[in-house]
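**Q** First, the structure itself, so that you have it in front of you.
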Amino acid sequence: MRWPTAPASSVTPIRKSLDHARRTYETITALIADCVTRAEREGDLPAGDDPVALARALLAAQQGLVFMNRTGLDVAALTATARSLAAQLLPDRSGD
């Protein structure tokens, strides 16, 4: 998804921050997608999943855990949530 960019004359400090955040998100998503592609190629993840979609889901899960931590959720609940997310997003291939 491409976000619209404002004309240079209307760029405000907030807009610059948003643009920077968007570019950072896109860069991190691409890096994670590259890792997913490599993991698929090496047999650590099942092939055929959309690497970008999985990268976005992993990044959203990570950001959600950061938010939950900042709200003061206890470590046991965070750990259980992280394990649940990992089990759903990254299937265990050790039994193959």
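Going by the structure tokens order, chains are called A, B, ..., each with residues numbered from 1, while ligands are numbered from 1 in the order shown.
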From a DSSP pass on the backbone, collect the residues of chain A flagged as helix (DSSP H, G or I) and hand them back as a PyMOL selection string.

**A** chain A and resi 8-10+13-41+51-70+75-89

**Q** Restricting the calculation to only C-alpha atoms, which member of A:Ala33, A:Ile14, A:Ala21, A:Leu89 is positioned closest to A:Ala55?

**A**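 Selected residue with least distance to A:Ala55: A:Ala33.
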
**Q** So the first atom is atom CA of A:Leu65 and the second is atom CA of A:Ala82; what is the distance between them in Å, to one decimal place?

**A**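 A separation of 7.2 Å between them.
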
**Q** Would you mind telling me which residue in A:Arg41, A:Leu58, A:Glu26, A:Cys35 lies nearest to A:Gln88 when using only C-alpha atoms?

**A**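 Going through A:Arg41, A:Leu58, A:Glu26, A:Cys35 one by one, the smallest distance to A:Gln88 is for A:Leu58.
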
**Q** Applying 12 Å and only C-alpha atoms, which residues near A:Leu31 remain after dropping the ones on its own chain fewer than 4 positions away? List them as a ChimeraX atom specification.

**A** /A:24-27,35-38,51-52,54-56,58-59

**Q** Ranking A:Thr12, A:Asp49, A:Asp92, A:Gln62 by minimum distance to A:Ile28 and counting only C-alpha atoms, which one comes first?

**A**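 Result for the nearest residue to A:Ile28: A:Gln62.
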
**Q** Quick one: pull the distance between atom CA of A:Arg83 and atom CA of A:Ala30, Å, one decimal.

**A** 23.5 Å
